[in-house]
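Q: A single structure is presented below for examination.
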Amino acid sequence: MFSIYIILFWLVLVALRPTRKAALALLPWLVFACSYDAMRLYPNYEVNPIDVKGIYEAEKSLFGVTCGESVMIPGEYFNAHHCPAADFMAGVFYLCWVPVPLAFGLYLYLKGDKEMYLRFSMAFLLVNLLGFMGYYIHPAAPPWYAINYGFEPLLDTPGNLAGLERFDALTGLNVFHSIYSKNSNVFAAVPSLHAAYMLVATVYAAMSRQHTATTLAFAFICLGIWWTAVYSTHHYIIDVLLGILTTMLGIGLQEIALMRSQRLKTWLRRYVEAV
């Protein structure tokens, strides 16, 4: 999935800029895509045990919803209480997950704000690398897994549309089926990088002083993705909060710590001149 987006991004750059500069500009995104694909070679569940029950019980304890005499996690509650309008909006929000940040990066580059483009791209990459580390530190199942399969980890479990299946059924499209049927590792829910991507875009939209309407639109999509992650049972609220924390850690590490390095500033200036 990521590779397709990156290829489309590169084709647009090549069509509008010389190939060598386009390739250099795309480097952070290529490292991101390659890093993601590399995790297939050494799955996180071979490093640490998979958490299925612990995170489910923690979610129920912290954010449980009381229905009659039972307590449900929020995802279970939404499975029992959903509507077509919410199902449609959930699908729309989740479709923005990667394309909108990529489009924003493309906009910055083509606009000529190459320094901000590179800072955004590197922050996006850094947040992902921190998230991938989280996958290996604490492999965890998403809520739909506990709901459908119980608490025993089954390594050959295929990807699942969960609540997003309602969007496919509602629209007659198989867009999420085509995405999640190819998911090779379902035990990578912590932290939620779904919660991270639009937050990175929103922060850098504000930092680059985009039009207020653009920044607010990004923030709205960001909130919608956070809600959808829980509504669709793809993530626990815990996952989303950790995804937000990972984002702020990555951006803070780059903008507060790394950008103070004179060597990095010099490298960034040369990179900007090269792209």
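The chains in the structure tokens are called A, B, ... from first to last as shown; in each chain the residues are counted from 1, and the ligands are counted from 1 in the order shown.
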So that I can see what lies close to A:Glu76, please list as a PDB file with N, CA, C and O atoms, in the first residue's frame the residues with an atom at most 8 Å from it, counting only C-alpha atoms and leaving out residues fewer than 3 positions away in the same chain.

A:
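File written: selection10.pdb
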ATOM      1  N   MET A  72     -18.189  -2.775  28.232  1.00  0.00           N
ATOM      2  CA  MET A  72     -17.602  -2.986  26.918  1.00  0.00           C
ATOM      3  C   MET A  72     -16.436  -2.023  26.706  1.00  0.00           C
ATOM      4  O   MET A  72     -16.418  -0.926  27.265  1.00  0.00           O
ATOM      5  N   ILE A  73     -15.491  -2.435  25.874  1.00  0.00           N
ATOM      6  CA  ILE A  73     -14.516  -1.455  25.403  1.00  0.00           C
ATOM      7  C   ILE A  73     -15.240  -0.563  24.392  1.00  0.00           C
ATOM      8  O   ILE A  73     -16.278  -0.960  23.827  1.00  0.00           O
ATOM      9  N   ASN A  79     -19.505  -1.193  17.761  1.00  0.00           N
ATOM     10  CA  ASN A  79     -19.972  -2.321  16.939  1.00  0.00           C
ATOM     11  C   ASN A  79     -21.469  -2.555  17.132  1.00  0.00           C
ATOM     12  O   ASN A  79     -22.168  -2.961  16.205  1.00  0.00           O
ATOM     13  N   ALA A  80     -21.943  -2.292  18.342  1.00  0.00           N
ATOM     14  CA  ALA A  80     -23.361  -2.488  18.646  1.00  0.00           C
ATOM     15  C   ALA A  80     -24.198  -1.239  18.382  1.00  0.00           C
ATOM     16  O   ALA A  80     -25.420  -1.320  18.290  1.00  0.00           O
ATOM     17  N   ILE A 147     -11.922  -9.322  19.850  1.00  0.00           N
ATOM     18  CA  ILE A 147     -13.367  -9.516  19.692  1.00  0.00           C
ATOM     19  C   ILE A 147     -13.660 -10.768  18.868  1.00  0.00           C
ATOM     20  O   ILE A 147     -14.564 -11.548  19.195  1.00  0.00           O
ATOM     21  N   THR A 233     -12.903  -0.288  15.441  1.00  0.00           N
ATOM     22  CA  THR A 233     -12.203  -1.318  16.227  1.00  0.00           C
ATOM     23  C   THR A 233     -10.833  -1.674  15.651  1.00  0.00           C
ATOM     24  O   THR A 233     -10.311  -2.754  15.899  1.00  0.00           O
TER      25      THR A 233
END

Q: Name the residues of stretch 152-275 of chain A that fall into helix (DSSP H, G or I) according to DSSP on the backbone, using the chain letters and numbers of this document, as JSON, numbers by chain.

A: {"A": [162, 163, 164, 165, 166, 167, 168, 169, 170, 171, 175, 176, 177, 178, 179, 180, 194, 195, 196, 197, 198, 199, 200, 201, 202, 203, 204, 205, 206, 207, 212, 213, 214, 215, 216, 217, 218, 219, 220, 221, 222, 223, 224, 225, 226, 227, 228, 229, 230, 231, 237, 238, 239, 240, 241, 242, 243, 244, 245, 246, 247, 248, 249, 250, 251, 252, 253, 254, 255, 256, 257, 258, 259, 260, 262, 263, 264, 265, 266, 267, 268, 269, 270, 271, 272, 273, 274]}

Q: If you count only C-alpha atoms, which residues fall within 12 Å of A:Leu264, apart from same-chain ones fewer than 6 positions away, as a VMD selection string?

A: chain A and resid 119 122 254 to 255 257 to 258 270 to 271

Q: Using only C-alpha atoms, pick whichever of A:Ala90, A:Ile251, A:Ala140, A:Leu173 has the shortest atom-to-atom distance to A:Trp227.

A: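 The shortest atom-to-atom distance to A:Trp227 comes from A:Ala90.
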
Q: For A:Leu161, list every protein, DNA or RNA residue within 8 Å, evaluated using only C-alpha atoms, and leave out those in the same chain fewer than 5 positions away; present the list as a PyMOL selection string.

A: chain A and resi 176-177+180-181

Q: Give me, please, the distance in Å between atom CA of A:Ile179 and atom CA of A:Leu95, quoted to one decimal.

A: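 Taking atom CA of A:Ile179 and atom CA of A:Leu95, their separation equals 10.4 Å.
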
Q: Kindly assemble as JSON lines a list of the stretch 35-139 of chain A residues that lie within 12 Å of stretch 196-219 of chain A, each paired with its nearest atom pair and their distance in Å to one decimal, using only C-alpha atoms, sorted first by chain and then by ascending residue number.

A:
{"residue": "A:Phe93", "atom": "CA", "partner": "A:Met198", "partner_atom": "CA", "distance": 10.3}
{"residue": "A:Tyr94", "atom": "CA", "partner": "A:Met198", "partner_atom": "CA", "distance": 10.4}
{"residue": "A:Leu95", "atom": "CA", "partner": "A:Met198", "partner_atom": "CA", "distance": 11.5}
{"residue": "A:Cys96", "atom": "CA", "partner": "A:Met198", "partner_atom": "CA", "distance": 8.3}
{"residue": "A:Trp97", "atom": "CA", "partner": "A:Met198", "partner_atom": "CA", "distance": 6.6}
{"residue": "A:Val98", "atom": "CA", "partner": "A:Tyr197", "partner_atom": "CA", "distance": 7.0}
{"residue": "A:Pro99", "atom": "CA", "partner": "A:Met198", "partner_atom": "CA", "distance": 9.8}
{"residue": "A:Val100", "atom": "CA", "partner": "A:Met198", "partner_atom": "CA", "distance": 7.6}
{"residue": "A:Pro101", "atom": "CA", "partner": "A:Ala201", "partner_atom": "CA", "distance": 5.5}
{"residue": "A:Leu102", "atom": "CA", "partner": "A:Ala201", "partner_atom": "CA", "distance": 8.9}
{"residue": "A:Ala103", "atom": "CA", "partner": "A:Ala201", "partner_atom": "CA", "distance": 9.9}
{"residue": "A:Phe104", "atom": "CA", "partner": "A:Ala201", "partner_atom": "CA", "distance": 7.2}
{"residue": "A:Gly105", "atom": "CA", "partner": "A:Ala201", "partner_atom": "CA", "distance": 8.4}
{"residue": "A:Leu106", "atom": "CA", "partner": "A:Ala201", "partner_atom": "CA", "distance": 11.8}
{"residue": "A:Tyr107", "atom": "CA", "partner": "A:Ala205", "partner_atom": "CA", "distance": 10.9}
{"residue": "A:Leu108", "atom": "CA", "partner": "A:Ser208", "partner_atom": "CA", "distance": 9.0}
{"residue": "A:Lys111", "atom": "CA", "partner": "A:Gln210", "partner_atom": "CA", "distance": 11.7}
{"residue": "A:Asp113", "atom": "CA", "partner": "A:Ser208", "partner_atom": "CA", "distance": 8.8}
{"residue": "A:Lys114", "atom": "CA", "partner": "A:Ser208", "partner_atom": "CA", "distance": 11.1}
{"residue": "A:Glu115", "atom": "CA", "partner": "A:Ser208", "partner_atom": "CA", "distance": 10.0}
{"residue": "A:Met116", "atom": "CA", "partner": "A:Ser208", "partner_atom": "CA", "distance": 6.8}
{"residue": "A:Tyr117", "atom": "CA", "partner": "A:Tyr204", "partner_atom": "CA", "distance": 9.1}
{"residue": "A:Leu118", "atom": "CA", "partner": "A:Tyr204", "partner_atom": "CA", "distance": 10.9}
{"residue": "A:Arg119", "atom": "CA", "partner": "A:Tyr204", "partner_atom": "CA", "distance": 8.5}
{"residue": "A:Phe120", "atom": "CA", "partner": "A:Tyr204", "partner_atom": "CA", "distance": 6.3}
{"residue": "A:Ser121", "atom": "CA", "partner": "A:Val200", "partner_atom": "CA", "distance": 9.5}
{"residue": "A:Met122", "atom": "CA", "partner": "A:Val200", "partner_atom": "CA", "distance": 10.6}
{"residue": "A:Ala123", "atom": "CA", "partner": "A:Val200", "partner_atom": "CA", "distance": 7.5}
{"residue": "A:Phe124", "atom": "CA", "partner": "A:Val200", "partner_atom": "CA", "distance": 6.5}
{"residue": "A:Leu125", "atom": "CA", "partner": "A:Tyr197", "partner_atom": "CA", "distance": 10.1}
{"residue": "A:Leu126", "atom": "CA", "partner": "A:Val200", "partner_atom": "CA", "distance": 10.6}
{"residue": "A:Val127", "atom": "CA", "partner": "A:Ala196", "partner_atom": "CA", "distance": 7.6}
{"residue": "A:Asn128", "atom": "CA", "partner": "A:Ala196", "partner_atom": "CA", "distance": 8.4}
{"residue": "A:Leu129", "atom": "CA", "partner": "A:Ala196", "partner_atom": "CA", "distance": 11.8}
{"residue": "A:Leu130", "atom": "CA", "partner": "A:Ala196", "partner_atom": "CA", "distance": 10.9}
{"residue": "A:Gly131", "atom": "CA", "partner": "A:Ala196", "partner_atom": "CA", "distance": 9.0}

Q: For stretch 169-171 of chain A, work out the shell of residues within 9 Å, counting only C-alpha atoms and skipping chain neighbours fewer than 2 positions away, then give it as number ranges by chain.

A: A: 84, 87-88, 164-167, 173-174

Q: Looking at only C-alpha atoms, which of A:Leu253, A:Val186, A:Val175, A:Ile137 is the one that sits closest to A:Pro49?

A: A:Ile137

Q: Which value, in Å to one decimal, gives the distance between atom CA of A:Leu24 and atom CA of A:Leu268?

A: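 Value for the atom CA of A:Leu24-atom CA of A:Leu268 distance: 12.3 Å.
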
Q: Any idea what's packed within 6 Å of A:Pro139, counting only C-alpha atoms, ignoring anything in its chain fewer than 3 positions away? Could you give it as a list of chain:residue names?

A: A:Ile50, A:Tyr135, A:Tyr136, A:Phe187, A:Ala188

Q: Can you tell me how far atom CA of A:Thr157 sits from atom CA of A:Ser192, in Å to one decimal?

A: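 Computed distance, atom CA of A:Thr157 to atom CA of A:Ser192, equals 19.3 Å.
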
Q: Taking the DSSP assignment computed from this structure's backbone, write out as a list in words all residues of stretch 17-84 of chain A that belong to strand (DSSP E).

A: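 Secondary structure check on stretch 17-84 of chain A, strand (DSSP E): Val65, Thr66, Cys67, Ser70, Val71 and Met72 of chain A.
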
Q: Can those selected residues be exported to a file as a PDB file, in the first residue's frame so that it contains C-alpha atoms?

A:
ATOM      1  CA  VAL A  65     -18.564   1.763  28.585  1.00  0.00           C
ATOM      2  CA  THR A  66     -21.223   0.363  30.904  1.00  0.00           C
ATOM      3  CA  CYS A  67     -24.168  -1.172  29.065  1.00  0.00           C
ATOM      4  CA  SER A  70     -21.755  -5.504  31.268  1.00  0.00           C
ATOM      5  CA  VAL A  71     -18.765  -3.311  30.511  1.00  0.00           C
ATOM      6  CA  MET A  72     -17.602  -2.986  26.918  1.00  0.00           C
TER       7      MET A  72
END

Q: Per residue of stretch 214-265 of chain A within 8 Å of stretch 52-60 of chain A, what are the shortest atom pair and its distance in Å to one decimal, counting only C-alpha atoms, with rows by chain and residue number, as a Markdown table?

A:
| residue | atom | partner | partner_atom | distance |
| --- | --- | --- | --- | --- |
| A:Tyr236 | CA | A:Glu59 | CA | 6.7 |
| A:Ile237 | CA | A:Glu59 | CA | 7.1 |
| A:Ile238 | CA | A:Glu59 | CA | 6.7 |

Q: Please produce a file of the residues just selected, as an mmCIF file, in the first residue's frame, where the atoms kept are all heavy atoms.

A:
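For reference, part27.cif as written:
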data_model
loop_
_atom_site.group_PDB
_atom_site.id
_atom_site.type_symbol
_atom_site.label_atom_id
_atom_site.label_comp_id
_atom_site.auth_asym_id
_atom_site.auth_seq_id
_atom_site.Cartn_x
_atom_site.Cartn_y
_atom_site.Cartn_z
ATOM 1 N N TYR A 236 -7.355 0.665 19.904
ATOM 2 C CA TYR A 236 -7.841 1.079 21.212
ATOM 3 C C TYR A 236 -7.572 2.570 21.387
ATOM 4 O O TYR A 236 -6.706 3.151 20.709
ATOM 5 C CB TYR A 236 -7.114 0.314 22.321
ATOM 6 C CG TYR A 236 -7.350 -1.173 22.332
ATOM 7 C CD1 TYR A 236 -6.378 -2.062 21.876
ATOM 8 C CD2 TYR A 236 -8.542 -1.699 22.837
ATOM 9 C CE1 TYR A 236 -6.588 -3.440 21.906
ATOM 10 C CE2 TYR A 236 -8.761 -3.071 22.879
ATOM 11 C CZ TYR A 236 -7.789 -3.939 22.403
ATOM 12 O OH TYR A 236 -8.004 -5.290 22.430
ATOM 13 N N ILE A 237 -8.278 3.186 22.316
ATOM 14 C CA ILE A 237 -7.962 4.571 22.669
ATOM 15 C C ILE A 237 -6.518 4.661 23.155
ATOM 16 O O ILE A 237 -5.812 5.639 22.879
ATOM 17 C CB ILE A 237 -8.940 5.089 23.745
ATOM 18 C CG1 ILE A 237 -10.363 5.183 23.179
ATOM 19 C CG2 ILE A 237 -8.492 6.453 24.270
ATOM 20 C CD1 ILE A 237 -11.416 5.624 24.192
ATOM 21 N N ILE A 238 -6.064 3.635 23.851
ATOM 22 C CA ILE A 238 -4.671 3.590 24.318
ATOM 23 C C ILE A 238 -3.714 3.703 23.139
ATOM 24 O O ILE A 238 -2.728 4.458 23.187
ATOM 25 C CB ILE A 238 -4.407 2.291 25.105
ATOM 26 C CG1 ILE A 238 -5.207 2.296 26.406
ATOM 27 C CG2 ILE A 238 -2.917 2.115 25.391
ATOM 28 C CD1 ILE A 238 -5.172 0.972 27.146
#
